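Below is target-v1.txt, which holds compact mmCIF, C-alpha atoms.
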# COMPACT_ATOMS: atom_id res chain seq x y z
CA MET A 20 2.18 19.76 19.39
CA SER A 21 4.32 19.30 22.51
CA GLY A 22 5.06 22.15 24.87
CA SER A 23 8.76 22.07 24.09
CA ASN A 24 8.13 22.28 20.35
CA THR A 25 5.77 25.19 20.88
CA ASN A 26 8.36 27.03 22.96
CA GLU A 27 11.02 26.47 20.31
CA LEU A 28 8.75 27.82 17.60
CA LEU A 29 7.82 30.82 19.71
CA ARG A 30 11.50 31.55 20.34
CA ALA A 31 12.13 31.37 16.61
CA ALA A 32 9.18 33.66 15.93
CA LEU A 33 10.25 36.31 18.39
CA ASN A 34 13.12 38.60 17.48
CA ALA A 35 15.80 36.18 18.63
CA GLY A 36 18.52 38.74 18.12
CA ARG A 37 16.75 41.69 19.64
CA VAL A 38 18.84 43.60 22.06
CA PRO A 39 16.27 44.82 24.56
CA SER A 40 15.94 48.55 24.21
CA SER A 41 16.43 48.66 27.94
CA SER A 42 20.02 47.72 27.32
CA GLY A 43 20.54 50.76 25.18
CA ARG A 44 22.12 48.68 22.50
CA SER A 45 20.73 49.67 19.16
CA THR A 46 21.83 49.71 15.61
CA SER A 47 23.75 51.29 12.88
CA GLY A 48 25.00 51.05 9.39
CA ASN A 49 24.37 52.36 5.92
CA ARG A 50 21.67 52.00 3.31
CA SER A 51 21.47 49.36 0.71
CA SER A 52 22.72 48.72 -2.74
CA ARG A 53 21.71 49.71 -6.20
CA LYS A 54 19.96 52.74 -4.78
CA ALA A 55 21.81 55.84 -3.65
CA THR A 56 23.51 54.83 -0.41
CA PRO A 57 23.81 57.62 2.12
CA LYS A 58 27.31 57.94 3.44
CA SER A 59 27.73 57.74 7.17
CA PRO A 60 29.64 60.46 8.97
CA ARG A 61 32.21 58.21 10.55
CA SER A 62 34.11 55.13 9.59
CA VAL A 63 33.55 51.58 10.77
CA ALA A 64 36.51 49.48 11.76
CA ALA A 65 36.63 45.72 11.37
CA SER A 66 39.42 44.29 13.46
CA ARG A 67 40.78 40.95 14.60
CA ASP A 68 42.09 42.05 17.95
CA VAL A 69 39.32 40.54 20.05
CA SER A 70 40.06 37.25 21.70
CA ASP A 71 37.62 34.37 21.41
CA ASN A 72 37.86 34.23 25.19
CA GLU A 73 36.71 37.80 25.65
CA GLU A 74 34.40 38.23 28.59
CA ASP A 75 30.77 37.46 27.80
CA PHE A 76 28.73 40.59 28.27
CA ASP A 77 25.16 40.37 29.49
CA ASP A 78 22.68 41.62 26.90
CA ALA A 79 20.72 43.71 29.35
CA ALA A 80 23.69 45.53 30.87
CA SER A 81 26.74 45.07 28.68
CA MET A 82 28.49 48.36 29.18
CA ALA A 83 32.23 47.94 28.95
CA SER A 84 32.64 51.51 30.11
CA ASP A 85 30.72 54.76 30.12
CA ASP A 86 31.66 55.25 26.48
CA THR A 87 31.69 51.77 24.95
CA TRP A 88 28.90 49.22 24.64
CA VAL A 89 29.87 45.65 23.76
CA ILE A 90 27.78 42.82 22.40
CA ASN A 91 29.57 39.47 22.38
CA GLU A 92 27.69 37.69 19.61
CA THR A 93 29.55 34.39 19.98
CA SER A 94 28.40 34.01 23.57
CA GLU A 95 24.77 34.12 22.43
CA GLU A 96 25.01 31.41 19.76
CA THR A 97 22.87 28.35 20.29
CA ALA A 98 23.71 24.82 19.21
CA GLU A 99 21.27 25.31 16.35
CA ASP A 100 23.14 28.46 15.26
CA VAL A 101 26.45 26.63 15.08
CA ALA A 102 24.96 23.62 13.33
CA MET A 103 23.28 25.77 10.70
CA GLU A 104 26.46 27.69 9.94
CA ASN A 105 28.40 24.48 9.44
CA THR A 106 25.87 22.54 7.39
CA ASP A 107 26.58 21.81 3.74
CA ASN A 108 23.06 20.87 2.67
CA TRP A 109 21.26 24.06 3.62
CA GLN A 110 19.76 24.39 0.14
CA ASP A 111 17.98 21.05 0.48
CA THR A 112 16.87 21.99 3.99
CA LEU A 113 15.48 25.33 2.84
CA GLN A 114 13.82 23.86 -0.22
CA SER A 115 12.08 21.19 1.84
CA ALA A 116 10.92 23.76 4.38
CA LEU A 117 9.51 26.05 1.70
CA ASP A 118 7.61 23.11 0.26
CA THR A 119 5.78 22.63 3.58
CA LEU A 120 4.38 26.17 3.64
CA GLY A 121 1.41 25.08 1.54
CA GLU A 122 0.45 22.21 3.85
CA LYS A 123 -2.93 22.23 5.58
CA ARG A 124 -1.73 21.46 9.10
CA VAL A 125 -0.76 24.65 10.92
CA GLY A 126 1.86 22.79 12.95
CA THR A 127 3.57 21.65 9.76
CA ARG A 128 3.62 25.20 8.41
CA GLU A 129 4.96 26.54 11.69
CA ARG A 130 7.84 24.07 11.70
CA GLY A 131 8.55 24.84 8.06
CA LEU A 132 8.56 28.58 8.73
CA ALA A 133 10.88 28.13 11.70
CA THR A 134 13.33 26.27 9.47
CA VAL A 135 13.06 28.89 6.73
CA ALA A 136 13.84 31.61 9.26
CA GLN A 137 16.75 29.68 10.71
CA VAL A 138 18.35 29.06 7.33
CA MET A 139 17.76 32.55 5.93
CA ALA A 140 19.13 34.15 9.09
CA HIS A 141 22.32 32.07 9.22
CA VAL A 142 23.08 31.68 5.52
CA TYR A 143 23.19 34.27 2.77
CA VAL A 144 20.85 32.60 0.27
CA GLY A 145 20.46 35.49 -2.17
CA GLU A 146 22.58 34.10 -5.00
CA ALA A 147 22.15 30.36 -4.64
CA MET A 148 18.35 30.52 -4.28
CA GLU A 149 17.68 33.20 -6.90
CA GLY A 150 15.43 30.78 -8.77
CA ARG A 151 13.09 30.54 -5.77
CA ARG A 152 13.17 34.23 -4.93
CA LEU A 153 9.65 35.18 -5.94
CA ALA A 154 8.08 31.85 -5.01
CA SER A 155 9.49 32.06 -1.49
CA LEU A 156 8.19 35.59 -1.00
CA GLU A 157 4.71 34.64 -2.17
CA ALA A 158 4.68 31.62 0.16
CA LEU A 159 5.70 33.75 3.13
CA LYS A 160 3.09 36.42 2.33
CA LYS A 161 0.38 33.76 2.06
CA CYS A 162 1.30 32.30 5.45
CA ALA A 163 1.27 35.75 7.03
CA LYS A 164 -2.07 36.64 5.43
CA THR A 165 -3.87 33.40 6.33
CA ALA A 166 -2.04 32.63 9.59
CA LYS A 167 -4.06 30.36 11.86
CA SER A 168 -1.89 30.99 14.91
CA GLN A 169 0.12 33.80 16.41
CA ILE A 170 3.31 31.80 15.95
CA GLU A 171 2.63 31.23 12.26
CA GLY A 172 2.03 34.93 11.70
CA MET A 173 5.15 35.97 13.58
CA LEU A 174 7.36 33.42 11.83
CA ALA A 175 6.03 34.37 8.40
CA LEU A 176 6.65 38.07 9.03
CA ARG A 177 10.15 37.43 10.30
CA GLY A 178 10.65 35.38 7.14
CA ILE A 179 9.59 38.37 5.02
CA ALA A 180 12.10 40.60 6.80
CA LEU A 181 14.80 37.98 6.21
CA TRP A 182 13.76 37.75 2.55
CA PHE A 183 14.52 41.44 2.11
CA ILE A 184 17.91 41.07 3.80
CA ASN A 185 18.77 38.21 1.43
CA PHE A 186 16.97 39.26 -1.76
CA GLY A 187 15.73 42.81 -1.26
CA VAL A 188 18.58 44.52 -3.11
CA ASP A 189 17.12 43.19 -6.36
CA ALA A 190 13.44 43.55 -5.47
CA SER A 191 11.38 45.36 -8.09
CA ALA A 192 9.32 48.43 -7.27
CA ASN A 193 6.13 46.38 -7.58
CA GLU A 194 7.40 43.63 -5.26
CA TYR A 195 8.39 46.16 -2.64
CA THR A 196 5.17 48.19 -2.93
CA GLU A 197 2.93 45.13 -2.63
CA VAL A 198 4.72 43.97 0.51
CA LYS A 199 4.74 47.49 1.96
CA VAL A 200 0.97 47.87 1.62
CA PHE A 201 0.42 44.39 3.05
CA LEU A 202 2.67 45.02 6.07
CA LYS A 203 1.00 48.36 6.77
CA THR A 204 -2.38 46.65 6.89
CA LEU A 205 -1.17 44.07 9.39
CA ALA A 206 0.67 46.60 11.54
CA ARG A 207 -2.40 48.76 12.11
CA ASP A 208 -4.83 45.85 12.61
CA LYS A 209 -5.72 46.21 16.28
CA HIS A 210 -7.42 42.80 16.23
CA LEU A 211 -4.07 41.06 15.75
CA SER A 212 -1.81 40.27 18.68
CA PRO A 213 0.79 42.90 19.59
CA HIS A 214 3.54 40.38 18.78
CA VAL A 215 2.33 40.02 15.20
CA ARG A 216 2.00 43.78 14.78
CA VAL A 217 5.52 44.23 16.15
CA MET A 218 6.91 41.84 13.55
CA ALA A 219 4.94 43.57 10.80
CA LEU A 220 6.46 46.93 11.78
CA ALA A 221 9.94 45.44 11.99
CA ALA A 222 9.58 43.85 8.55
CA LEU A 223 8.17 47.10 7.14
CA GLY A 224 11.20 49.02 8.34
CA VAL A 225 13.71 46.55 6.94
CA ALA A 226 11.86 46.29 3.61
CA SER A 227 11.78 50.06 3.18
CA PHE A 228 15.39 50.49 4.25
CA VAL A 229 16.68 47.85 1.83
CA SER A 230 14.35 48.18 -1.16
CA GLY A 231 13.04 51.72 -1.10
CA ALA A 232 14.09 53.66 -4.19
CA ASP A 233 15.33 56.70 -2.25
CA TYR A 234 14.73 58.76 0.87
CA ASN A 235 11.22 59.66 -0.33
CA ASP A 236 10.17 56.02 0.14
CA ALA A 237 11.64 56.02 3.63
CA ALA A 238 9.89 59.31 4.41
CA GLU A 239 6.54 57.97 3.26
CA VAL A 240 6.79 54.91 5.53
CA LEU A 241 8.16 57.05 8.35
CA LYS A 242 5.13 59.33 8.07
CA PHE A 243 2.84 56.29 8.21
CA VAL A 244 4.53 55.06 11.39
CA GLY A 245 4.35 58.50 12.95
CA ASP A 246 0.71 59.14 12.05
CA TRP A 247 -0.58 55.75 13.11
CA PHE A 248 1.51 54.84 16.13
CA ILE A 249 3.69 57.63 17.51
CA HIS A 250 1.53 60.75 17.28
CA PRO A 251 -1.91 59.53 16.11
CA ASP A 252 -3.66 62.52 17.69
CA ALA A 253 -1.61 65.12 15.83
CA PRO A 254 -3.30 66.80 12.85
CA ARG A 255 -2.27 65.24 9.54
CA ALA A 256 -1.16 68.36 7.73
CA GLU A 257 -0.33 68.24 4.06
CA ASP A 258 3.39 68.29 3.41
CA ASP A 259 4.23 71.39 1.38
CA ASP A 260 7.79 70.30 0.61
CA ASP A 261 6.71 67.55 -1.79
CA ALA A 262 9.27 65.30 -0.11
CA PHE A 263 6.96 62.39 -0.69
CA GLU A 264 3.47 61.71 -1.94
CA GLN A 265 0.82 61.24 0.71
CA GLU A 266 -1.06 57.97 0.20
CA GLU A 267 -4.82 58.24 0.12
CA SER A 268 -6.77 55.52 1.84
CA GLU A 269 -10.42 55.56 2.83
CA GLU A 270 -9.70 52.74 5.23
CA GLU A 271 -7.15 54.89 7.06
CA GLU A 272 -9.56 57.80 7.31
CA GLU A 273 -12.40 55.70 8.67
CA GLU A 274 -10.45 53.58 11.15
CA GLU A 275 -10.45 54.88 14.72
CA LEU A 276 -6.98 55.56 16.09
CA GLU A 277 -6.06 54.56 19.62
CA PRO A 278 -2.86 54.33 21.67
CA ALA A 279 -0.68 51.41 20.66
CA PRO A 280 0.32 48.69 23.16
CA ALA A 281 3.77 49.22 24.69
CA ALA A 282 5.48 46.58 22.55
CA VAL A 283 3.99 48.03 19.38
CA MET A 284 4.93 51.57 20.43
CA ARG A 285 8.51 50.48 21.10
CA GLN A 286 8.79 48.86 17.68
CA ALA A 287 7.18 51.86 16.01
CA LEU A 288 9.80 54.12 17.59
CA GLU A 289 12.59 51.80 16.49
CA THR A 290 11.27 51.57 12.93
CA TYR A 291 10.90 55.35 12.93
CA GLY A 292 14.52 55.72 14.01
CA LEU A 293 15.80 53.26 11.40
CA LEU A 294 14.09 55.09 8.55
CA MET A 295 14.96 58.52 9.92
CA THR A 296 18.64 57.59 9.47
CA VAL A 297 17.92 57.54 5.75
CA VAL A 298 15.85 60.72 5.59
CA VAL A 299 18.10 62.90 7.76
CA ASP A 300 21.17 61.92 5.77
CA ALA A 301 19.51 62.80 2.45
CA ASN A 302 17.43 65.86 3.38
CA ALA A 303 17.99 67.38 6.81
CA ARG A 304 15.30 70.02 6.33
CA VAL A 305 12.58 67.45 5.65
CA ALA A 306 13.83 65.26 8.50
CA GLU A 307 13.76 68.15 10.97
CA LYS A 308 10.26 69.13 9.92
CA MET A 309 9.00 65.56 10.30
CA PHE A 310 10.62 65.17 13.70
CA ASP A 311 9.12 68.46 14.88
CA ARG A 312 5.69 66.85 14.49
CA ALA A 313 6.86 63.83 16.50
CA PHE A 314 8.78 65.78 19.16
CA ASP A 315 5.97 65.99 21.73
CA ALA A 316 5.12 62.30 21.30
CA HIS A 317 8.76 61.33 21.78
CA LEU A 318 8.91 63.49 24.91
CA GLU A 319 5.78 61.79 26.24
CA ALA A 320 7.32 58.40 25.46
CA LEU A 321 10.18 59.25 27.82
CA ALA A 322 7.60 59.07 30.63
CA ALA A 323 6.18 55.69 29.56
CA ASP A 324 6.04 52.82 32.03
CA SER A 325 8.04 50.66 29.62
CA ILE A 326 11.79 51.19 29.80
CA GLU A 327 12.09 49.90 26.23
CA VAL A 328 9.70 52.60 24.99
CA ARG A 329 11.61 55.27 26.87
CA LEU A 330 14.96 54.26 25.45
CA ALA A 331 13.72 53.89 21.89
CA ALA A 332 12.47 57.47 22.10
CA ALA A 333 15.68 58.68 23.77
CA GLN A 334 17.84 57.15 21.05
CA ASN A 335 15.77 58.88 18.37
CA PHE A 336 16.46 62.20 20.10
CA ALA A 337 20.18 61.36 20.07
CA LEU A 338 20.04 60.44 16.37
CA MET A 339 18.36 63.69 15.39
CA HIS A 340 20.61 65.85 17.52
CA SER A 341 23.82 64.25 16.27
CA GLU A 342 22.85 64.22 12.59
CA LEU A 343 21.39 67.72 12.48
CA SER A 344 24.51 68.99 14.25
CA ARG A 345 26.65 67.25 11.64
CA GLN A 346 24.60 68.64 8.77
CA GLU A 347 24.81 72.17 10.16
CA ASN A 348 28.53 71.85 10.96
CA GLY A 349 27.81 73.07 14.45
CA ARG A 350 25.88 72.40 17.63
CA PHE A 351 22.20 71.91 16.88
CA GLU A 352 19.71 72.57 19.66
CA PHE A 353 16.06 71.56 19.90
CA ASP A 354 13.62 74.39 20.67
CA ARG A 355 12.87 72.72 24.00
CA GLN A 356 16.33 71.31 24.65
CA ASP A 357 16.45 72.31 28.32
CA GLU A 358 13.19 70.45 28.95
CA LEU A 359 14.49 67.42 27.11
CA VAL A 360 17.79 67.36 28.99
CA GLY A 361 15.95 67.74 32.30
CA THR A 362 13.66 64.81 31.48
CA LEU A 363 16.57 62.60 30.43
CA SER A 364 18.55 63.53 33.54
CA ALA A 365 15.60 62.59 35.73
CA ILE A 366 15.36 59.22 33.99
CA LYS A 367 19.08 58.61 34.45
CA HIS A 368 18.78 59.12 38.20
CA GLN A 369 15.56 57.17 38.60
CA SER A 370 15.33 54.76 41.52
CA SER A 371 15.51 51.01 40.89
CA LYS A 372 12.54 50.25 43.15
CA ARG A 373 9.96 50.31 40.35
CA HIS A 374 11.75 48.45 37.55
CA GLY A 375 14.44 46.48 39.31
CA ARG A 376 18.16 47.02 39.57
CA ARG A 377 19.13 45.34 36.29
CA ASP A 378 16.70 47.26 34.09
CA THR A 379 17.38 50.52 35.88
CA HIS A 380 21.14 50.10 35.44
CA ALA A 381 20.65 49.42 31.74
CA GLN A 382 18.40 52.48 31.42
CA ARG A 383 20.91 54.66 33.27
CA SER A 384 23.79 53.52 31.05
CA ALA A 385 21.85 54.05 27.83
CA VAL A 386 20.50 57.46 28.81
CA ARG A 387 24.01 58.50 29.79
CA GLY A 388 25.06 57.88 26.20
CA VAL A 389 22.12 59.91 24.88
CA LEU A 390 22.88 62.82 27.19
CA GLN A 391 26.53 62.68 26.20
CA THR A 392 25.45 63.24 22.61
CA ILE A 393 22.96 66.03 23.28
CA GLU A 394 25.08 67.93 25.80
CA ASN A 395 28.60 67.31 24.47
CA GLY A 396 28.12 66.21 20.86
CA GLU A 397 29.79 62.84 21.49
CA ALA A 398 28.29 59.52 20.45
CA PRO A 399 28.91 56.31 22.39
CA GLU A 400 30.79 53.46 20.74
CA LEU A 401 29.24 50.05 20.21
CA LYS A 402 31.39 47.00 19.50
CA LEU A 403 29.96 43.82 18.04
CA ALA A 404 32.36 41.00 18.93
CA PHE A 405 32.29 37.57 17.33
CA ARG A 406 34.68 34.83 16.29
CA GLY A 407 37.86 36.71 17.10
CA ARG A 408 36.75 39.90 15.38
CA SER A 409 35.05 43.08 16.45
CA VAL A 410 33.19 45.68 14.46
CA SER A 411 32.99 49.16 15.97
CA PHE A 412 30.11 51.58 15.47
CA ALA A 413 30.70 55.10 16.69
CA ASP A 414 27.68 57.07 15.46
CA TRP A 415 23.96 56.90 16.04
CA PRO A 416 22.86 56.04 12.47
CA ARG A 417 24.97 52.88 12.50
CA ILE A 418 23.95 52.03 16.06
CA LEU A 419 20.25 52.21 15.20
CA ARG A 420 20.71 50.32 11.94
CA LEU A 421 22.66 47.51 13.58
CA HIS A 422 19.89 47.12 16.10
CA ALA A 423 17.30 46.63 13.37
CA PHE A 424 19.37 44.05 11.46
CA ARG A 425 20.36 42.16 14.56
CA ALA A 426 16.75 42.02 15.77
CA VAL A 427 15.84 40.13 12.59
CA LEU A 428 18.98 38.06 12.04
CA GLY A 429 19.59 37.01 15.63
CA GLY A 430 22.57 34.69 15.98
CA GLY A 431 23.04 34.65 12.22
CA ILE A 432 24.33 38.20 12.00
CA ASN A 433 27.99 37.14 12.24
CA ARG A 434 27.67 34.87 9.21
CA GLN A 435 25.70 37.47 7.28
CA PHE A 436 28.35 40.10 8.01
CA VAL A 437 30.87 37.91 6.20
CA ASP A 438 28.84 36.57 3.28
CA ASN A 439 26.01 39.00 2.55
CA PRO A 440 27.15 41.94 0.38
CA LEU A 441 24.22 44.02 1.62
CA LEU A 442 25.65 44.21 5.13
CA GLY A 443 29.05 45.06 3.74
CA GLN A 444 27.51 48.01 1.89
CA VAL A 445 25.28 49.06 4.76
CA PHE A 446 28.01 49.02 7.38
CA GLU A 447 31.04 49.58 5.12
CA VAL A 448 32.81 46.51 6.47
CA VAL A 449 34.73 43.94 4.45
CA PHE A 450 35.80 40.61 5.95
CA ASP A 451 38.25 38.03 4.67
CA THR A 452 35.84 35.22 3.85
CA GLY A 453 38.65 32.71 3.87
CA ALA A 454 39.38 33.16 7.55
CA ASP A 455 39.03 29.93 9.48
CA ASP A 456 37.69 31.58 12.59
CA MET A 457 34.64 32.78 10.67
CA GLY A 458 33.56 29.26 9.87
CA SER A 459 34.26 29.61 6.15
This structure in structure tokens:
Amino acid sequence: MSGSNTNELLRAALNAGRVPSSSGRSTSGNRSSRKATPKSPRSVAASRDVSDNEEDFDDAASMASDDTWVINETSEETAEDVAMENTDNWQDTLQSALDTLGEKRVGTRERGLATVAQVMAHVYVGEAMEGRRLASLEALKKCAKTAKSQIEGMLALRGIALWFINFGVDASANEYTEVKVFLKTLARDKHLSPHVRVMALAALGVASFVSGADYNDAAEVLKFVGDWFIHPDAPRAEDDDDAFEQEESEEEEEEELEPAPAAVMRQALETYGLLMTVVVDANARVAEKMFDRAFDAHLEALAADSIEVRLAAAQNFALMHSELSRQENGRFEFDRQDELVGTLSAIKHQSSKRHGRRDTHAQRSAVRGVLQTIENGEAPELKLAFRGRSVSFADWPRILRLHAFRAVLGGGINRQFVDNPLLGQVFEVVFDTGADDMGS
């Protein structure tokens, strides 16, 4: 395989739409579909007042002001993104790619998986491909389980996450549970590359968010992420609230726990935050108790060498503070709030000598938004701009949820916002699908 082809496949395997945590741009939105959807505290506005010529904001430092973060999605589209959105024969393309996933040559499977990911990210396939729903999931699971290369494993896991975004609303309890157990196994396998484990955690979060029956499912996965990656040294006390059933696994008890690589820790914190948006909205008492166990680990993460780890932890603090304040109809305070504020303030004023001016500026801007929430009860505003429209997100649950979806969908998120009913339900946004500027 040529070097250029390998680079293209690696780019497709990595979270093409990930906004680096160092930029402070995360996610938001609401839960899925047929299950009880938690209502977000604030409204989301979909407008058409953004010019197509709006300034392109850099992903690593795209602060429009101290209070507003802007992602210009159109500026990040590749030629492949545009071509995929405008193609009429995507069903044939996807069908052919799925057919290659059983081939013996790893290069053939990698190229097929890259095409599957490209189509499923840029096109809502849930209705048109219903007949291949289960077959496609099984093919992706097989590729992930028997992957002969890091790229194959990463692409297959991204494909599973995309499957849940396209089909997960109708996934059965058995389908979801089987995938959940499989993804947990991959995520905690220290013999796999950190990139593969990152994708397994990302897919686990999306699958649980979309297909979990209720907040108990989210809490169970959240506990797994906390116990295995965020605070592995903390005692695993039995939960006396019966918020969820603790899974018993001899393999988990026997396996030695060790600190996760930085990339895995960052993704664990982001998956934790995504699922905590579900739990805290449904049962604030359970959410607060769970976060109490993770508080020290989050505080330690603020001192990590990785800026992305620091900011993922900081944004989880902002989420918990804002949502617990909302639930209590007043100003919530952590038991060690002064210590937390002092640590965040120190990070905000950190010198750029160690990490470079760009990353330090991004960290400073993001932490400013977190401190604004904890000290003043105000959340920053994020605007996702594309094709003459903007969608505003003005609360931490939606900001964290958008981050998770965009990390998986990449440049396809604008098309999915228009066509995929899941995103409309999650983010409470409705677009006119007949608008020319959306490529319809």
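Rounded to one decimal, atom CA of A:Glu307 and atom CA of A:Val389 lie 18.2 Å from each other.
Computed from the coordinates, the atom CA of A:Ala313 to atom CA of A:Val445 distance equals 26.4 Å.
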*To one decimal place, how far is atom CA of A:Arg207 from atom CA of A:Asp233 in Å?*
24.2 Å
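For the set A:Glu194, A:Asp252, A:Glu289, A:Glu146, the residue with the smallest atom-to-atom gap to A:Glu327 is A:Glu289, counting all atoms listed in the file.
With all atoms listed in the file as the basis for measurement, A:Leu181 is the residue among A:Met339, A:Leu181, A:Leu117, A:Leu419 that approaches A:Val144 most closely.
Neighbouring residues of stretch 224-226 of chain A at 8 Å or closer, counting all atoms listed in the file and skipping chain neighbours under 4 positions away, are Ala180, Phe183, Ile184, Gly187, Tyr195, Lys199, Leu220, Ser230, Gly231, Val240, Thr290, Tyr291, Leu293, Leu294, Ala423 and Phe424 of chain A.
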*Write out as a PyMOL selection string which residues come within 12 Å of A:Gly361 when counting all atoms listed in the file, dropping same-chain ones fewer than 3 positions away.*
chain A and resi 318+321+355-358+364-368+386+390+393-394
Create the file for the chosen residues now, containing C-alpha atoms and written as a PDB file, in the coordinates of the input.
ATOM      1  CA  LEU A 318       8.910  63.490  24.910  1.00  0.00           C
ATOM      2  CA  LEU A 321      10.180  59.250  27.820  1.00  0.00           C
ATOM      3  CA  ARG A 355      12.870  72.720  24.000  1.00  0.00           C
ATOM      4  CA  GLN A 356      16.330  71.310  24.650  1.00  0.00           C
ATOM      5  CA  ASP A 357      16.450  72.310  28.320  1.00  0.00           C
ATOM      6  CA  GLU A 358      13.190  70.450  28.950  1.00  0.00           C
ATOM      7  CA  SER A 364      18.550  63.530  33.540  1.00  0.00           C
ATOM      8  CA  ALA A 365      15.600  62.590  35.730  1.00  0.00           C
ATOM      9  CA  ILE A 366      15.360  59.220  33.990  1.00  0.00           C
ATOM     10  CA  LYS A 367      19.080  58.610  34.450  1.00  0.00           C
ATOM     11  CA  HIS A 368      18.780  59.120  38.200  1.00  0.00           C
ATOM     12  CA  VAL A 386      20.500  57.460  28.810  1.00  0.00           C
ATOM     13  CA  LEU A 390      22.880  62.820  27.190  1.00  0.00           C
ATOM     14  CA  ILE A 393      22.960  66.030  23.280  1.00  0.00           C
ATOM     15  CA  GLU A 394      25.080  67.930  25.800  1.00  0.00           C
TER      16      GLU A 394
END
*Spatial neighbours of A:Leu223, max dist 10 Å, only C-alpha atoms, sep filter under 4 positions, as a ChimeraX atom specification*: /A:176,179-180,183,195,198-203,206,217-219,227-228,240,244,290
Can you write out the residues you just picked, keeping C-alpha atoms, as a PDB file, in the frame of the given file?
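Listing of part_33.pdb after writing:
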ATOM      1  CA  LEU A 176       6.650  38.070   9.030  1.00  0.00           C
ATOM      2  CA  ILE A 179       9.590  38.370   5.020  1.00  0.00           C
ATOM      3  CA  ALA A 180      12.100  40.600   6.800  1.00  0.00           C
ATOM      4  CA  PHE A 183      14.520  41.440   2.110  1.00  0.00           C
ATOM      5  CA  TYR A 195       8.390  46.160  -2.640  1.00  0.00           C
ATOM      6  CA  VAL A 198       4.720  43.970   0.510  1.00  0.00           C
ATOM      7  CA  LYS A 199       4.740  47.490   1.960  1.00  0.00           C
ATOM      8  CA  VAL A 200       0.970  47.870   1.620  1.00  0.00           C
ATOM      9  CA  PHE A 201       0.420  44.390   3.050  1.00  0.00           C
ATOM     10  CA  LEU A 202       2.670  45.020   6.070  1.00  0.00           C
ATOM     11  CA  LYS A 203       1.000  48.360   6.770  1.00  0.00           C
ATOM     12  CA  ALA A 206       0.670  46.600  11.540  1.00  0.00           C
ATOM     13  CA  VAL A 217       5.520  44.230  16.150  1.00  0.00           C
ATOM     14  CA  MET A 218       6.910  41.840  13.550  1.00  0.00           C
ATOM     15  CA  ALA A 219       4.940  43.570  10.800  1.00  0.00           C
ATOM     16  CA  SER A 227      11.780  50.060   3.180  1.00  0.00           C
ATOM     17  CA  PHE A 228      15.390  50.490   4.250  1.00  0.00           C
ATOM     18  CA  VAL A 240       6.790  54.910   5.530  1.00  0.00           C
ATOM     19  CA  VAL A 244       4.530  55.060  11.390  1.00  0.00           C
ATOM     20  CA  THR A 290      11.270  51.570  12.930  1.00  0.00           C
TER      21      THR A 290
END
Which residues of stretch 135-191 of chain A come within 9 Å of stretch 107-110 of chain A, and what is each one's closest atom pair and distance in Å (one decimal), counting only C-alpha atoms, sorted by chain and residue number, as CSV?
residue,atom,partner,partner_atom,distance
A:Val138,CA,A:Trp109,CA,6.9
A:Val142,CA,A:Trp109,CA,8.1
A:Val144,CA,A:Gln110,CA,8.3
A:Ala147,CA,A:Gln110,CA,8.0
A:Met148,CA,A:Gln110,CA,7.7
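Among the candidate residues A:Val427, A:Val328, A:Val448, A:Leu442, the one lying nearest to A:Ala140 is A:Val427, with distances computed using all atoms listed in the file.
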